[in-house]
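Okay, structure first, notes after.
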Amino acid sequence: MVEYPEIDRYSSLDSPMHRFDPRAKLIAFTILIFSIVLLPNLKLALIGLLASILFLIASKLPLRFALQHIKWVFLFVVPFIIIMPFTVNGTEIFSFYGLTMTYEGLEYGILVAVRAISAVILVLPMIATTRFDITIKALAKLKMPNMLVQMFMFTYRYIFVFVVEFQRTWRAMAARGFKLKTNVYALKTIGKALGTLFVRSYERGERVYQALRSRGYTGSPKTLVVFKMHVLDYILAGTIIGFAVSLHIIPLYLHS
Amino acid sequence: MKREAITVRNLSYSYPDGTKALEDVNLEVYEGERIALVGPNGAGKTTFMLHLNGTLRGTEGQVEIFGKSVDTMRREEIVKEVGLVFQDPDDQLFMPTLFDDIAFGPINQGLKEYEVRERVEKAISSLGLSGYEDRSPHHLSFGEKKKASLAAVIAMEPRILVLDEPTANLDPRSRTELIGIINELNEREGITMVIATHDVNAIPELADRIYALNRTIIETGTPHEIFFDGKLLKQNNLDVPDVFKLFEVLRCFGFNCEKLPLSLDEAISGLTTVIETEGGHIHLHIHEHTHEGVKEWRNKYGHHVPK
């Protein structure tokens with residue numbers, strides 16, 4: 001059995017996030033993500049992080065599944081936490097062979113990390129609580145350009161075919177004694193295998209296009225989908241957007 | 001005389017690199033007929049089928065659907081008449097869910113929403129896929145995907161169905177099911193069928209007439225006519241049903257029947273007739289020509305005796 005990279009594996013659970021109308025969910029969380037990413041100071045960012053975690057808990061997604069996705073972001077933010085403290089000028093914490101760690105730098109590094117992690121956490125209640133095809137349909141309903149919607153749709157469909165095809169190629173190589181090593185031969189072989197995979201994808205693309213044409217495709221596939229906003233959807237979306245906006249407005253009053 | 005559903009006249013096609021794929025193909029299929037298209041790998045079967053709905057256009061010649069040239073038909077018109085089921089269901093199923101995929105054709109035909117839903121419902125239930133509406137293709141087995149591709153095409157209610165290797169790579173049960181479904185569509189809805197296949201055992205059940213294609217049409221005839229033509233079979237690497245082969249061997253052992261059976265059903269009725277006329281039993285024996293006969297039989301199919 002193939003392990004598919006499915007973001008919507010737990011979309012059939014039931015939680016307030018799952019019941020949230022997909023269109024409202026996309027808009028509300030997108031606004032909240034931008035709001036948190038643009039926050040100027042650490043205290044507010046921590047409030048954002050806390051809110052993100054609460055939304056994640058409310059979505060009832062399994063923690064392991066969530067961590068699996070969040071861990072990749074750590075790889076990107078860790079360099080900031082390490083480098084920033086030594087490169088931003090400010091109050092010295094300690095000095096080590098000419099490298100000076102500053103309080104401001106440390107704060108800035110952590111701020112970057114907190115913002116990034118919050119954003120990624122929020123993506124989960126936004127995307128992982130709806131079947132991905134419905135998310136795409138919601139995007140189409142939100143008037144996202146048709147070309148982009150089609151790209152999403154076909155990518156989503158064929159990424160799984162691609163995964164299986166790549167796995168098959170890989171197994172065929174392993175079955176004939178190929179081992180992955182860091183030498184020129186191994187790299188060359190992988191290059192060739194990838195080349196084959198590209199050619200095959202190209203050919204499949206051609207056949208898929210023929211199949212599309214054979215069923216009357218004229219450039220804009222349409223789907224049938226019924227969305228209906230309920231009172232709760234308006235309230236939830238309003239609350240999230242209100243919170244996102246107030247993160248930026250309230251500090252203005254506090255300072256004045 | 002029945003109407004001609006498909007008429008192909010002097011069709012030729014070359015690949016962009018100049019290789020000739022089809023040369024002077026002539027063929028006609030009558031309304032309600034079931035045609036099997038046989039021929040070795042690379043004979044141009046798939047290329048030919050892509051001409052039947054105008055996906056590929058011949059460098060020369062004509063394809064007519066119910067008397068209308070595909071060159072003059074609009075895309076929507078052709079697609080309404082001719083449904084093409086591709087060999088690889090992963091090429092055919094391109095939408096995120098089964099429902100979307102089956103609805104794709106009817107939506108493109110400009111049907112109203114309730115009509116689309118009706119069509120999808122009908123296609124899904126006639127292929128036994130109820131309950132799978134929201135599944136994505138990567139969560140279906142190969143057999144289910146194969147059925148889904150057929151559902152996606154019959155939802156458009158074409159009068160002609162063109163199927164590329166419908167039984168290839170299926171497990172025995174799915175294969176039998178699919179053959180049953182194809183025949184039912186032919187009988188109940190009167191859909192004309194063109195089926196490319198290597199599955200010779202299925203042909204007697206699936207086809208009224210065979211076209212042997214190898215770049216050009218080599219021969220046409222009923223399954224009996226084609227399968228009895230030893231020379232034609234040998235020259236074109238074609239095979240015959242196993243039942244037929246078995247009865248050829250039995251004939252070497254003195255079994256006497258008028259017409260060699262191509263399918264199990266025919267075998268049963270043939271055996272019954274022979275047993276009834278010969279007094280309640282069949283008689284097999286080894287006589288002077290048996291070994292020679294068997295040797296000849298082996299030669300015919302290229303089964304060489306291992307040394």
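We name chains A, B, ... following the order of the structure tokens; residues begin at 1 in each chain, and ligands are numbered from 1 as shown.
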Checklist entry - Mind listing as number ranges by chain which residues of chain A are within 12 Å of chain B, counting only C-alpha atoms? => result A: 1-6, 8-9, 12, 131-137, 149-165, 201-226
Next on the checklist: Using DSSP assignments from the backbone, pull out every residue in segment 61-190 of chain B that falls under strand (DSSP E or B) and give it to me as a list of chain:residue names.
Outcome noted: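 Here is the list: B:Gly61, B:Gln62, B:Val63, B:Glu64, B:Ile65, B:Lys68, B:Ser69, B:Val82, B:Gly83, B:Leu84, B:Val85, B:Ile160, B:Leu161, B:Val162, B:Leu163, B:Asp164.
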Checklist entry - Can you list, as an MDAnalysis selection string, every residue of segment 25-242 of chain B that DSSP puts in helix (DSSP H, G or I)? => result chainID B and resid 45:52 75:81 89:92 98:108 113:126 137:139 142:154 172:189 203:206 223:227 230:235 242
Next on the checklist: With only C-alpha atoms as the counted atoms, please give the residues lying no more than 10 Å from Ser118 of chain A, apart from itself and same-chain residues fewer than 6 positions off, as a VMD selection string.
Outcome noted: chain A and resid 32 to 33 36 to 37 45 to 53 70
Write a file of the selected residues as a JSON list (two decimals), in the first residue's frame, keeping C-alpha atoms.
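Result saved to selection.json:
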[["chain", "number", "residue", "atom", "x", "y", "z"],
["A", 32, "LEU", "CA", -5.79, 35.89, 10.35],
["A", 33, "ILE", "CA", -2.58, 34.40, 8.93],
["A", 36, "ILE", "CA", -0.23, 37.40, 12.61],
["A", 37, "VAL", "CA", 2.64, 37.37, 10.11],
["A", 45, "ALA", "CA", 2.81, 37.33, 18.25],
["A", 46, "LEU", "CA", 2.60, 35.06, 21.29],
["A", 47, "ILE", "CA", -1.09, 35.89, 21.60],
["A", 48, "GLY", "CA", -1.38, 34.95, 17.93],
["A", 49, "LEU", "CA", 0.45, 31.68, 18.54],
["A", 50, "LEU", "CA", -1.84, 30.91, 21.46],
["A", 51, "ALA", "CA", -4.90, 31.58, 19.31],
["A", 52, "SER", "CA", -3.51, 29.38, 16.54],
["A", 53, "ILE", "CA", -3.02, 26.53, 18.98],
["A", 70, "ILE", "CA", 4.63, 21.63, 11.46]]
Next on the checklist: I'd like the contact shell of Glu205 of chain B - 10 Å cut-off, only C-alpha atoms, skipping same-chain residues fewer than 6 positions apart - returned as number ranges by chain.
Outcome noted: B: 34, 179-180, 183, 223, 262-265
Item to check | Length of the atom CA of Ile7 of chain A to atom CA of Phe227 of chain A vector [Å] | outcome: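 Pair atom CA of Ile7 of chain A / atom CA of Phe227 of chain A returns 21.3 Å.
The interatomic distance for the pair atom CA of Ile210 of chain B and atom CA of Val194 of chain B works out to 9.6 Å.
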Checklist entry - Could you name the residues that touch Tyr10 of chain A at 12 Å or less, counting only C-alpha atoms, but leaving out those on the same chain fewer than 3 positions away, as a PyMOL selection string? => result chain A and resi 6-7+13-15+17-18+59-66+124-125+127-132
